[in-house]
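Undergrad: Structure file entry-v9.tsv (TSV, C-alpha atoms (C1' of nucleotides)) is given on the next line.
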```
chain	number	residue	atom	x	y	z
A	26	MET	CA	0.00	0.00	0.00
A	27	PRO	CA	2.56	2.71	0.86
A	28	TYR	CA	3.88	2.74	-2.70
A	29	ILE	CA	5.82	5.96	-2.37
A	30	VAL	CA	7.08	5.93	1.22
A	31	GLY	CA	10.85	5.64	1.26
A	32	ARG	CA	11.15	6.92	-2.30
A	33	LYS	CA	13.12	9.96	-3.31
A	34	ILE	CA	11.82	12.75	-5.54
A	35	LYS	CA	14.04	13.03	-8.59
A	36	SER	CA	12.15	15.71	-10.45
A	37	VAL	CA	8.83	17.52	-10.47
A	38	ARG	CA	6.93	18.92	-13.42
A	39	VAL	CA	4.01	21.26	-12.75
A	40	LEU	CA	1.74	21.55	-15.77
A	41	ASN	CA	-0.93	23.70	-14.11
A	42	HIS	CA	0.29	26.28	-11.63
A	43	LYS	CA	-3.16	26.71	-10.07
A	44	ILE	CA	-2.88	23.34	-8.39
A	45	VAL	CA	0.15	24.43	-6.36
A	46	ALA	CA	-0.70	28.12	-5.97
A	47	GLY	CA	-3.23	27.57	-3.23
A	48	LYS	CA	-5.99	29.70	-4.71
A	49	GLY	CA	-9.29	28.92	-3.01
A	50	THR	CA	-7.51	27.59	0.07
A	51	LYS	CA	-6.49	29.14	3.35
A	52	ARG	CA	-3.03	29.48	1.89
A	53	VAL	CA	-3.61	31.81	-1.02
A	54	GLY	CA	-0.50	32.33	-3.04
A	55	SER	CA	1.99	31.13	-0.44
A	56	ILE	CA	3.82	29.28	-3.14
A	57	ASP	CA	2.60	30.59	-6.44
A	58	ASN	CA	5.94	30.22	-8.06
A	59	THR	CA	5.94	26.98	-9.95
A	60	VAL	CA	9.69	26.96	-10.29
A	61	LYS	CA	10.13	27.32	-6.55
A	62	PHE	CA	7.65	24.52	-5.86
A	63	THR	CA	9.48	22.30	-8.28
A	64	GLU	CA	12.99	23.02	-7.09
A	65	ILE	CA	12.29	22.85	-3.39
A	66	LEU	CA	11.17	19.23	-3.67
A	67	ILE	CA	14.04	17.79	-5.66
A	68	GLY	CA	16.15	15.31	-3.73
A	69	LYS	CA	13.75	15.06	-0.80
A	70	LYS	CA	12.63	11.67	0.40
A	71	ILE	CA	9.07	10.72	1.27
A	72	ILE	CA	9.13	9.32	4.80
A	73	ASP	CA	5.46	9.15	5.80
A	74	ILE	CA	1.90	9.60	4.60
A	75	LYS	CA	-0.86	10.67	6.93
A	76	ARG	CA	-4.44	11.81	6.56
A	77	ARG	CA	-6.50	14.44	8.33
A	78	ALA	CA	-10.14	14.62	7.28
A	79	LYS	CA	-10.04	14.57	3.48
A	80	ASN	CA	-6.51	15.93	3.33
A	81	LEU	CA	-3.50	13.82	2.53
A	82	ILE	CA	-0.24	14.77	4.25
A	83	ILE	CA	2.93	13.63	2.53
A	84	VAL	CA	5.86	14.06	4.92
A	85	LEU	CA	9.35	14.56	3.55
A	86	ASN	CA	12.66	13.76	5.22
A	87	ASP	CA	13.32	17.35	6.30
A	88	HIS	CA	9.79	17.36	7.80
A	89	SER	CA	8.44	19.63	5.13
A	90	ILE	CA	5.00	18.65	3.90
A	91	LEU	CA	2.91	18.31	0.81
A	92	LEU	CA	-0.72	18.84	1.69
A	93	VAL	CA	-2.98	17.24	-0.90
A	94	HIS	CA	-6.72	17.65	-1.28
A	95	LEU	CA	-8.29	15.74	-4.13
A	96	LYS	CA	-11.74	17.33	-3.84
A	97	MET	CA	-13.99	15.48	-6.29
A	98	THR	CA	-11.95	14.66	-9.31
A	99	GLY	CA	-8.36	14.70	-8.10
A	100	GLN	CA	-6.28	11.57	-8.47
A	101	LEU	CA	-2.88	10.62	-7.17
A	102	VAL	CA	-1.78	7.62	-9.16
A	103	PHE	CA	1.53	5.83	-8.86
A	104	GLN	CA	3.04	3.84	-11.68
A	105	PRO	CA	6.10	1.82	-10.76
A	106	LEU	CA	8.95	1.59	-13.22
A	107	PRO	CA	8.37	-1.31	-15.58
A	108	LYS	CA	10.32	-4.37	-14.52
A	109	SER	CA	13.26	-4.95	-16.82
A	110	LEU	CA	12.35	-7.57	-19.36
A	111	PRO	CA	14.37	-10.68	-20.16
A	112	LYS	CA	16.77	-10.01	-23.06
A	113	ARG	CA	14.96	-12.05	-25.71
A	114	GLU	CA	11.53	-10.58	-25.07
A	115	GLY	CA	12.77	-7.04	-24.78
A	116	LEU	CA	12.85	-6.23	-28.47
A	117	ALA	CA	9.63	-8.01	-29.36
A	118	SER	CA	7.87	-6.34	-26.51
A	119	SER	CA	8.75	-2.84	-27.64
A	120	ILE	CA	7.41	-3.58	-31.10
A	121	VAL	CA	4.12	-4.87	-29.77
A	122	LYS	CA	3.79	-1.84	-27.64
A	123	GLY	CA	4.07	0.45	-30.65
A	124	GLY	CA	1.09	-0.99	-32.48
A	125	HIS	CA	-1.03	-2.28	-29.67
A	126	PRO	CA	-0.94	-0.25	-26.50
A	127	ILE	CA	-1.25	-2.48	-23.47
A	128	GLN	CA	-3.32	-0.01	-21.51
A	129	GLU	CA	-6.66	1.53	-22.34
A	130	SER	CA	-6.18	5.03	-23.65
A	131	GLU	CA	-7.95	6.55	-20.62
A	132	ASN	CA	-5.45	4.88	-18.34
A	133	LYS	CA	-2.44	6.22	-20.18
A	134	LEU	CA	-0.45	8.62	-18.11
A	135	PRO	CA	0.23	11.42	-18.33
A	136	HIS	CA	-2.95	12.59	-20.05
A	137	LYS	CA	-4.62	15.95	-20.69
A	138	HIS	CA	-5.69	16.27	-17.06
A	139	THR	CA	-2.34	15.39	-15.54
A	140	TYR	CA	-1.16	18.52	-13.78
A	141	ILE	CA	1.80	17.41	-11.71
A	142	ILE	CA	4.32	14.69	-12.45
A	143	PHE	CA	6.62	13.55	-9.67
A	144	GLU	CA	9.46	11.38	-10.90
A	145	LEU	CA	10.50	9.15	-8.02
A	146	ASP	CA	13.44	6.80	-7.90
A	147	SER	CA	11.09	3.83	-8.30
A	148	GLY	CA	8.40	5.12	-10.60
A	149	THR	CA	6.17	8.07	-11.33
A	150	LEU	CA	3.47	9.73	-9.26
A	151	TYR	CA	0.80	11.58	-11.25
A	152	TYR	CA	-1.58	14.21	-9.96
A	153	ASN	CA	-4.62	14.28	-12.28
A	154	ASP	CA	-7.67	16.47	-11.76
A	155	VAL	CA	-10.34	17.03	-14.40
A	156	ARG	CA	-12.09	19.91	-12.64
A	157	GLN	CA	-8.97	21.36	-11.07
A	158	PHE	CA	-10.61	21.89	-7.68
A	159	GLY	CA	-7.92	20.04	-5.76
A	160	TYR	CA	-4.50	21.25	-4.70
A	161	VAL	CA	-1.01	20.21	-3.68
A	162	LEU	CA	0.50	22.71	-1.29
A	163	TYR	CA	3.99	22.91	0.14
A	164	PHE	CA	4.56	23.69	3.83
A	165	GLU	CA	7.90	24.12	5.53
A	166	ASN	CA	6.81	21.94	8.44
A	167	GLU	CA	3.81	20.75	10.42
A	168	THR	CA	3.91	23.76	12.73
A	169	VAL	CA	3.12	25.98	9.77
A	170	LEU	CA	0.00	23.90	9.13
A	171	GLU	CA	-1.12	24.72	12.65
A	172	THR	CA	-0.19	28.38	12.66
A	173	GLU	CA	-1.94	28.88	9.37
A	174	LYS	CA	-4.97	27.19	10.92
A	175	HIS	CA	-5.49	24.91	8.00
A	176	PHE	CA	-7.41	22.39	10.06
A	177	ASP	CA	-9.14	24.81	12.39
A	178	GLY	CA	-12.76	24.09	13.13
A	179	ILE	CA	-12.89	20.61	11.67
A	180	GLY	CA	-14.23	17.77	13.75
A	181	VAL	CA	-12.85	14.49	15.02
A	182	GLU	CA	-11.96	11.53	12.86
A	183	PRO	CA	-14.77	8.97	12.61
A	184	PHE	CA	-12.40	6.09	13.51
A	185	ASP	CA	-10.60	7.93	16.27
A	186	LYS	CA	-11.23	6.74	19.82
A	187	GLU	CA	-12.41	10.30	20.53
A	188	PHE	CA	-15.45	9.70	18.34
A	189	THR	CA	-17.64	8.01	20.92
A	190	HIS	CA	-21.39	7.85	21.13
A	191	ALA	CA	-21.22	10.10	24.19
A	192	TYR	CA	-19.19	12.71	22.29
A	193	PHE	CA	-21.57	12.68	19.32
A	194	GLN	CA	-24.63	12.86	21.55
A	195	TYR	CA	-23.10	15.74	23.50
A	196	GLU	CA	-22.16	17.74	20.42
A	197	VAL	CA	-25.60	17.27	18.88
A	198	GLU	CA	-27.24	18.34	22.15
A	199	LYS	CA	-25.16	21.51	22.16
A	200	LEU	CA	-26.25	22.34	18.62
A	201	LYS	CA	-29.88	21.55	19.42
A	202	LYS	CA	-29.93	24.69	21.54
A	203	ARG	CA	-28.06	27.01	19.19
A	204	LYS	CA	-29.28	25.77	15.82
A	205	ILE	CA	-32.80	24.63	16.46
A	206	LYS	CA	-33.92	24.52	12.86
A	207	THR	CA	-30.70	23.39	11.22
A	208	PRO	CA	-31.25	20.20	9.24
A	209	ILE	CA	-29.22	17.14	10.13
A	210	LYS	CA	-27.76	16.82	6.64
A	211	LYS	CA	-26.20	20.26	6.92
A	212	ILE	CA	-24.68	19.34	10.28
A	213	LEU	CA	-23.11	16.17	8.91
A	214	LEU	CA	-21.87	17.86	5.74
A	215	ASP	CA	-20.09	20.73	7.44
A	216	GLN	CA	-17.49	18.42	9.10
A	217	LYS	CA	-17.51	20.36	12.40
A	218	ILE	CA	-18.55	17.50	14.68
A	219	VAL	CA	-17.11	14.61	12.74
A	220	VAL	CA	-15.29	14.55	9.40
A	221	GLY	CA	-15.71	12.15	6.52
A	222	CYS	CA	-19.37	12.40	5.58
A	223	GLY	CA	-19.47	13.96	2.15
A	224	ASN	CA	-22.63	14.10	0.12
A	225	ILE	CA	-22.82	10.42	-0.79
A	226	TYR	CA	-22.23	9.07	2.69
A	227	CYS	CA	-24.52	11.65	4.30
A	228	ASP	CA	-27.41	10.39	2.22
A	229	GLU	CA	-26.48	6.76	2.88
A	230	VAL	CA	-26.15	7.29	6.64
A	231	LEU	CA	-29.50	9.06	6.92
A	232	TRP	CA	-31.27	6.48	4.75
A	233	LYS	CA	-30.02	3.69	6.95
A	234	SER	CA	-30.88	5.64	10.09
A	235	GLY	CA	-34.44	6.27	8.92
A	236	VAL	CA	-34.03	10.03	9.28
A	237	LEU	CA	-34.92	12.59	6.60
A	238	PRO	CA	-32.04	14.88	5.56
A	239	THR	CA	-34.32	17.86	6.18
A	240	ARG	CA	-35.08	16.96	9.78
A	241	ALA	CA	-34.17	19.71	12.26
A	242	ILE	CA	-31.55	18.48	14.72
A	243	SER	CA	-33.62	19.77	17.63
A	244	LYS	CA	-36.22	17.13	16.77
A	245	LEU	CA	-33.88	14.16	16.75
A	246	SER	CA	-34.54	11.55	19.41
A	247	ASN	CA	-31.69	10.00	21.36
A	248	GLU	CA	-32.38	6.74	19.58
A	249	GLU	CA	-32.01	8.40	16.18
A	250	ILE	CA	-28.82	10.14	17.23
A	251	LYS	CA	-27.43	6.77	18.24
A	252	LYS	CA	-28.40	5.22	14.91
A	253	ILE	CA	-26.77	8.06	13.02
A	254	TYR	CA	-23.63	7.69	15.12
A	255	ASN	CA	-23.42	3.95	14.51
A	256	ASN	CA	-24.14	4.29	10.81
A	257	ILE	CA	-21.47	6.94	10.26
A	258	ILE	CA	-18.87	4.46	11.46
A	259	ASP	CA	-20.47	1.48	9.78
A	260	ILE	CA	-20.93	3.05	6.36
A	261	LEU	CA	-17.57	4.81	6.21
A	262	ASP	CA	-15.90	1.58	7.27
A	263	LYS	CA	-17.62	-0.45	4.56
A	264	ALA	CA	-16.96	2.24	1.96
A	265	ILE	CA	-13.26	2.36	2.76
A	266	ASN	CA	-12.99	-1.42	2.74
A	267	SER	CA	-14.47	-1.59	-0.73
A	268	GLY	CA	-12.16	1.13	-2.01
A	269	GLY	CA	-14.63	4.04	-2.03
A	270	SER	CA	-17.38	4.79	-4.49
A	271	SER	CA	-15.46	5.90	-7.59
A	272	VAL	CA	-18.51	7.92	-8.61
A	273	ALA	CA	-16.59	10.52	-10.55
A	274	ASN	CA	-12.86	10.15	-10.97
A	275	TYR	CA	-11.84	8.67	-7.67
A	276	LEU	CA	-9.16	6.01	-7.99
A	277	LEU	CA	-7.05	3.96	-5.63
A	278	ALA	CA	-3.33	4.69	-5.53
A	279	ASP	CA	-2.62	2.03	-8.14
A	280	GLY	CA	-5.21	3.50	-10.51
A	281	LYS	CA	-7.97	0.97	-9.84
A	282	ARG	CA	-11.54	1.96	-9.11
A	283	GLY	CA	-13.34	1.42	-5.82
A	284	ASN	CA	-16.63	-0.44	-5.88
A	285	TYR	CA	-18.66	0.87	-2.96
A	286	ALA	CA	-21.07	2.39	-5.48
A	287	ASP	CA	-22.37	-1.16	-5.94
A	288	TYR	CA	-23.62	-1.02	-2.36
A	289	HIS	CA	-25.29	2.40	-2.49
A	290	ASN	CA	-28.84	2.28	-1.19
A	291	VAL	CA	-29.99	5.82	-2.01
A	292	TYR	CA	-27.29	7.85	-3.72
A	293	GLN	CA	-28.29	8.14	-7.38
A	294	LYS	CA	-31.08	5.60	-6.82
A	295	GLN	CA	-33.89	8.07	-7.51
A	296	ASP	CA	-37.09	6.61	-8.97
A	297	THR	CA	-36.17	3.09	-7.90
A	298	ALA	CA	-37.72	0.98	-5.15
A	299	CYS	CA	-36.36	1.54	-1.65
A	300	LYS	CA	-33.99	-1.28	-0.72
A	301	LYS	CA	-35.03	-1.44	2.92
A	302	LYS	CA	-36.76	-4.76	3.55
A	303	GLY	CA	-40.52	-4.45	3.29
A	304	CYS	CA	-40.40	-0.73	2.53
A	305	PRO	CA	-42.82	0.28	-0.24
A	306	GLY	CA	-41.08	3.63	-0.85
A	307	ILE	CA	-39.65	5.00	-4.09
A	308	ILE	CA	-36.38	6.91	-3.70
A	309	LYS	CA	-36.71	10.62	-4.38
A	310	LYS	CA	-34.07	13.14	-5.36
A	311	THR	CA	-34.13	16.85	-4.60
A	312	THR	CA	-31.64	19.65	-4.21
A	313	PHE	CA	-31.11	20.47	-0.56
A	314	VAL	CA	-28.41	22.45	1.24
A	315	GLY	CA	-26.95	23.02	-2.19
A	316	ARG	CA	-26.45	19.33	-2.88
A	317	GLY	CA	-28.21	16.54	-4.68
A	318	THR	CA	-30.13	14.81	-1.90
A	319	HIS	CA	-31.58	11.32	-2.05
A	320	PHE	CA	-34.03	9.83	0.41
A	321	CYS	CA	-36.92	7.44	0.89
A	322	PRO	CA	-40.11	9.36	1.70
A	323	ALA	CA	-41.67	6.21	3.14
A	324	HIS	CA	-39.34	5.02	5.87
A	325	GLN	CA	-37.23	8.12	6.55
A	326	LYS	CA	-39.05	10.38	8.99
G	12	DC	C1'	-21.74	35.16	15.37
G	13	DC	C1'	-24.66	33.32	11.56
G	14	DT	C1'	-26.49	31.71	6.67
G	15	DA	C1'	-27.09	31.89	1.75
G	16	DA	C1'	-25.00	32.70	-2.45
G	17	DC	C1'	-21.29	32.40	-5.26
G	18	DC	C1'	-16.95	30.65	-7.05
G	19	DC	C1'	-13.57	27.40	-8.87
G	20	DC	C1'	-13.79	23.82	-13.42
G	21	DT	C1'	-14.82	20.34	-17.25
G	22	DG	C1'	-17.43	16.43	-18.87
G	23	DC	C1'	-21.60	14.38	-19.23
G	24	DT	C1'	-26.63	14.72	-19.83
G	25	DT	C1'	-30.68	16.90	-21.35
G	26	DG	C1'	-33.59	19.60	-24.41
G	27	DC	C1'	-34.58	21.87	-28.61
P	29	DT	C1'	-26.70	15.77	-35.74
P	30	DG	C1'	-25.27	20.03	-33.21
P	31	DC	C1'	-25.25	23.30	-29.82
P	32	DA	C1'	-26.27	25.53	-25.55
P	33	DA	C1'	-27.78	25.20	-21.03
P	34	DG	C1'	-27.91	22.62	-16.80
P	35	DC	C1'	-25.84	19.80	-13.50
P	36	DA	C1'	-22.33	17.53	-10.54
P	37	DG	C1'	-19.85	18.97	-5.88
P	38	DG	C1'	-15.76	20.22	-1.28
P	39	DG	C1'	-14.94	23.84	0.76
P	40	DG	C1'	-13.26	28.50	0.59
P	41	DT	C1'	-14.74	33.44	0.28
P	42	DT	C1'	-17.95	37.14	0.23
P	43	DA	C1'	-22.18	39.64	1.03
P	44	DG	C1'	-25.82	40.63	4.09
```
I'd like the structure from this file rewritten - as structure tokens, please.

TA:
Amino acid sequence: MPYIVGRKIKSVRVLNHKIVAGKGTKRVGSIDNTVKFTEILIGKKIIDIKRRAKNLIIVLNDHSILLVHLKMTGQLVFQPLPKSLPKREGLASSIVKGGHPIQESENKLPHKHTYIIFELDSGTLYYNDVRQFGYVLYFENETVLETEKHFDGIGVEPFDKEFTHAYFQYEVEKLKKRKIKTPIKKILLDQKIVVGCGNIYCDEVLWKSGVLPTRAISKLSNEEIKKIYNNIIDILDKAINSGGSSVANYLLADGKRGNYADYHNVYQKQDTACKKKGCPGIIKKTTFVGRGTHFCPAHQK
DNA sequence: CCTAACCCCTGCTTGC
DNA sequence: TGCAAGCAGGGGTTAG
């Protein structure tokens, strides 16, 4: 799994400066000089990869950091150097490759949406991003991440021991007083209590919990809060174990697609029968809190 | 302090 | 068949 840990960066090519400039982030223009971004990374070794919410933190040997956010269509795909071929097959192989590409054209890298190419000493790491919403930012060290408050105001990790039922219950109770009418979907989407529930998993969690996305948090029962808590962990766990949903352009690090979409119960299931046992409902889709929102009007209350 | 609206961007889908 | 408009969405910023 950690394909790139321990590898050294030999060269970096930035084909779209916006990805490294930090526009639309809390770090506007900190490094907007593509040359500087490129040069500062050469020779550094990748020693660790961490994650905080939906951010990827690539740690280098001098403890500088690449902060990566893929947003919806970003991809970080690693292709190892091809294994050296036996002498006799070497020539034949190169001929075959000329006329009959081994890979599908869409898998060929780099392609028109490849915006950064990291040459490592064992292969190549590509940053691709059709919609260019994502970013790869350089930080001198982890302290800078903190001082620049990049992660300020975001909630706990769903798989952290901090994320207990008691914590979730307590945080929801607090909001019940301040944000009486705020719908539960908005609370889950804004990442302030717990991170990880994007639009797909919000809809899935609420479907499984039998709670309408529009329901005001002040009207949630303790039992419903507990269901939502359990389902956040359950659904995110299952999604991760099946490699994510790959709804748009999401890929695993080796370029393969995840298959959690096969298990979706509501997301993009509008006008189909509700999959809850014995439920007569037909899944509906609306726009709510600025997002496509899917729910079963029969069993979600 | 809050919320709603807008912005970034391209590819796919829909409608005429 | 073509073309334009609409939609998708994480999360930041801006306006009110």

Undergrad: Excluding DT41 (chain P) and any residue of its chain fewer than 2 positions from it, enumerate the residues within 12 Å of it, using all atoms listed in the file, and give them as a list in words.

TA: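 The contact residues come out as Lys48, Gly49, Thr50, Lys51 and Val53 of chain A; DA16, DC17, DC18 and DC19 of chain G; DG39 and DA43 of chain P.
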
Undergrad: Would you compute the distance between CA of Lys204 (chain A) and CA of Pro238 (chain A)? Give it in Å to one decimal.

TA: 15.2 Å

Undergrad: I need the chain A residues near chain P as a PyMOL selection string; criterion: at most 10 Å, counting only C-alpha atoms (C1' of nucleotides).

TA: chain A and resi 48-51+79+94-98+158-159+214-215+223-224+273+315-317

Undergrad: Would you save the residues of that selection, restricted to C-alpha atoms, as a PDB file, in the frame of the given file?

TA:
```pdb
ATOM      1  CA  LYS A  48      -5.990  29.700  -4.710  1.00  0.00           C
ATOM      2  CA  GLY A  49      -9.290  28.920  -3.010  1.00  0.00           C
ATOM      3  CA  THR A  50      -7.510  27.590   0.070  1.00  0.00           C
ATOM      4  CA  LYS A  51      -6.490  29.140   3.350  1.00  0.00           C
ATOM      5  CA  LYS A  79     -10.040  14.570   3.480  1.00  0.00           C
ATOM      6  CA  HIS A  94      -6.720  17.650  -1.280  1.00  0.00           C
ATOM      7  CA  LEU A  95      -8.290  15.740  -4.130  1.00  0.00           C
ATOM      8  CA  LYS A  96     -11.740  17.330  -3.840  1.00  0.00           C
ATOM      9  CA  MET A  97     -13.990  15.480  -6.290  1.00  0.00           C
ATOM     10  CA  THR A  98     -11.950  14.660  -9.310  1.00  0.00           C
ATOM     11  CA  PHE A 158     -10.610  21.890  -7.680  1.00  0.00           C
ATOM     12  CA  GLY A 159      -7.920  20.040  -5.760  1.00  0.00           C
ATOM     13  CA  LEU A 214     -21.870  17.860   5.740  1.00  0.00           C
ATOM     14  CA  ASP A 215     -20.090  20.730   7.440  1.00  0.00           C
ATOM     15  CA  GLY A 223     -19.470  13.960   2.150  1.00  0.00           C
ATOM     16  CA  ASN A 224     -22.630  14.100   0.120  1.00  0.00           C
ATOM     17  CA  ALA A 273     -16.590  10.520 -10.550  1.00  0.00           C
ATOM     18  CA  GLY A 315     -26.950  23.020  -2.190  1.00  0.00           C
ATOM     19  CA  ARG A 316     -26.450  19.330  -2.880  1.00  0.00           C
ATOM     20  CA  GLY A 317     -28.210  16.540  -4.680  1.00  0.00           C
TER      21      GLY A 317
END
```

Undergrad: I'd like to know which of A:Lys233, A:His175, A:Arg203, A:Lys309 is closest to chain G, using all atoms listed in the file.

TA: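 Checking each candidate against chain G, we get A:Arg203 as the closest.
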
Undergrad: Quick one: distance from CA of Asn80 (chain A) to CA of Gly47 (chain A) in Å, one decimal?

TA: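 Atom-to-atom, CA of Asn80 (chain A) to CA of Gly47 (chain A), that is 13.8 Å.
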
Undergrad: Based on all atoms listed in the file, which of the residues in chain A come within 7 Å of chain G? I want them as a PDB file with C-alpha atoms, in the coordinates of the input.

TA:
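part.pdb, written as the output of this step:
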```pdb
ATOM      1  CA  VAL A 155     -10.340  17.030 -14.400  1.00  0.00           C
ATOM      2  CA  ARG A 156     -12.090  19.910 -12.640  1.00  0.00           C
ATOM      3  CA  GLN A 157      -8.970  21.360 -11.070  1.00  0.00           C
ATOM      4  CA  PHE A 158     -10.610  21.890  -7.680  1.00  0.00           C
TER       5      PHE A 158
END
```

Undergrad: Interatomic distance between CA of Gly148 (chain A) and CA of Asn266 (chain A)?

TA: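 Separation of CA of Gly148 (chain A) and CA of Asn266 (chain A): 26.0 Å.
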
Undergrad: Which of these, A:Lys263, A:Lys33, A:Lys61, A:Arg52, has the shortest distance to Glu229 (chain A) once you count only C-alpha atoms?

TA: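 Closest residue, counting only C-alpha atoms: A:Lys263.
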